Amino acid sequence: MRRVMISVLSGALLTGSLSLAADGKEGKIQQRKENQQKRIAQGVKSGSLTPHETARLENQESKLNKEVRTDRKENGGNLTNKEKAQVNHQQNKLSKEIYNQKHDGQTQ
């Protein structure tokens, strides 16, 4: 099960990193996304995230990534300042959720 989850996480990280630009605030969005993927993968590896928690976090990350891709398509490949602020807020929320799930005492 761990190998499967790590493979899924690695694939998601690789795929996502190819789809986003790396300039200014949008580069920060990409870097945070990669950092959060690494934190989730570390939680899987250490056993501090259960498969259910991992799936829920990955689903939230996937929805956020889809939203960013959709917003970019609508704006010619870029995000507006309002959209960047919204993504940052959502990443903050997801980051807190990752922390809480990794430290809630549940293990695999």
# chains A, B, ... in the order shown; residues from 1 in each chain; ligands from 1
>>> residues_around(residues="A:Asn78", least_positions_apart="4", cutoff="10 Å", atoms="only C-alpha atoms", output="list in words")
Leu20, Ala21, Glu26, Val68, Arg69, Asp71, Arg72, Lys73, Glu74, Glu83 and Lys84 of chain A
>>> write_last_selection(atoms="C-alpha atoms", output="compact mmCIF listing (two decimals), in the first residue's frame")
# COMPACT_ATOMS: atom_id res chain seq x y z
CA LEU A 20 2.31 25.45 -13.88
CA ALA A 21 4.50 28.42 -14.74
CA GLU A 26 2.62 32.06 -9.63
CA VAL A 68 -5.89 26.88 -10.99
CA ARG A 69 -5.76 25.25 -14.45
CA ASP A 71 -8.64 29.94 -14.06
CA ARG A 72 -5.52 30.07 -16.22
CA LYS A 73 -7.40 28.86 -19.29
CA GLU A 74 -9.99 31.59 -18.77
CA GLU A 83 -7.27 34.56 -8.09
CA LYS A 84 -3.70 34.43 -6.77
>>> residues_around(residues="A:Ser48", least_positions_apart="3", cutoff="10 Å", atoms="only C-alpha atoms", output="PyMOL selection string")
chain A and resi 40+42-45+51+53-54+101-108
>>> write_last_selection(atoms="C-alpha atoms", output="mmCIF file, in the first residue's frame")
data_model
loop_
_atom_site.group_PDB
_atom_site.id
_atom_site.type_symbol
_atom_site.label_atom_id
_atom_site.label_comp_id
_atom_site.auth_asym_id
_atom_site.auth_seq_id
_atom_site.Cartn_x
_atom_site.Cartn_y
_atom_site.Cartn_z
ATOM 1 C CA ILE A 40 2.023 14.509 2.350
ATOM 2 C CA GLN A 42 6.606 12.260 4.152
ATOM 3 C CA GLY A 43 3.477 11.655 6.230
ATOM 4 C CA VAL A 44 2.716 8.506 4.231
ATOM 5 C CA LYS A 45 6.295 7.296 4.566
ATOM 6 C CA PRO A 51 -4.656 5.986 3.729
ATOM 7 C CA GLU A 53 -6.371 10.958 5.392
ATOM 8 C CA THR A 54 -3.944 10.783 2.481
ATOM 9 C CA GLN A 101 -3.780 15.280 10.007
ATOM 10 C CA LYS A 102 -0.091 14.472 10.499
ATOM 11 C CA HIS A 103 -0.262 15.366 14.201
ATOM 12 C CA ASP A 104 -3.637 13.931 15.202
ATOM 13 C CA GLY A 105 -2.184 10.735 16.645
ATOM 14 C CA GLN A 106 -3.718 8.404 14.071
ATOM 15 C CA THR A 107 -1.277 6.028 12.430
ATOM 16 C CA GLN A 108 -1.445 3.360 9.791
#
>>> atom_distance(atom1="atom CA of A:Leu57", atom2="atom CA of A:Leu79")
23.5 Å
>>> residues_around(residues="A:Gln90", least_positions_apart="2", cutoff="12 Å", atoms="only C-alpha atoms", output="PyMOL selection string")
chain A and resi 29+32-33+60-61+63-65+67-68+83-88+92-97
>>> write_last_selection(atoms="C-alpha atoms", output="mmCIF file, in the first residue's frame")
data_model
loop_
_atom_site.group_PDB
_atom_site.id
_atom_site.type_symbol
_atom_site.label_atom_id
_atom_site.label_comp_id
_atom_site.auth_asym_id
_atom_site.auth_seq_id
_atom_site.Cartn_x
_atom_site.Cartn_y
_atom_site.Cartn_z
ATOM 1 C CA ILE A 29 2.036 28.901 -5.865
ATOM 2 C CA ARG A 32 4.041 25.699 -2.160
ATOM 3 C CA LYS A 33 2.234 22.993 -4.101
ATOM 4 C CA GLN A 60 -8.280 18.560 -1.904
ATOM 5 C CA GLU A 61 -4.946 19.218 -3.623
ATOM 6 C CA LYS A 63 -9.379 20.144 -6.742
ATOM 7 C CA LEU A 64 -7.186 23.166 -6.089
ATOM 8 C CA ASN A 65 -4.907 22.280 -9.009
ATOM 9 C CA GLU A 67 -9.248 25.227 -10.222
ATOM 10 C CA VAL A 68 -5.891 26.882 -10.988
ATOM 11 C CA GLU A 83 -7.272 34.564 -8.088
ATOM 12 C CA LYS A 84 -3.697 34.428 -6.771
ATOM 13 C CA ALA A 85 -4.893 35.670 -3.379
ATOM 14 C CA GLN A 86 -7.682 33.101 -3.380
ATOM 15 C CA VAL A 87 -5.271 30.265 -4.255
ATOM 16 C CA ASN A 88 -2.908 31.437 -1.515
ATOM 17 C CA ASN A 92 -2.938 28.085 3.653
ATOM 18 C CA LYS A 93 -6.057 26.134 4.573
ATOM 19 C CA LEU A 94 -4.683 22.932 3.008
ATOM 20 C CA SER A 95 -1.352 23.413 4.770
ATOM 21 C CA LYS A 96 -3.119 23.610 8.140
ATOM 22 C CA GLU A 97 -5.114 20.510 7.261
#
>>> closest_residue(among="A:Asn75, A:Gln37, A:Asn100, A:Gln31", to="A:Ser62", atoms="only C-alpha atoms")
A:Gln37
>>> atom_distance(atom1="atom CA of A:Gln30", atom2="atom CA of A:Thr70")
15.3 Å
>>> select_by_dssp(residues="stretch 16-86 of chain A", states="alpha helix (DSSP H)", output="VMD selection string")
chain A and resid 16 to 19 24 to 46 51 to 74 81 to 86
>>> atom_distance(atom1="atom CA of A:Glu34", atom2="atom CA of A:Gln91")
11.2 Å
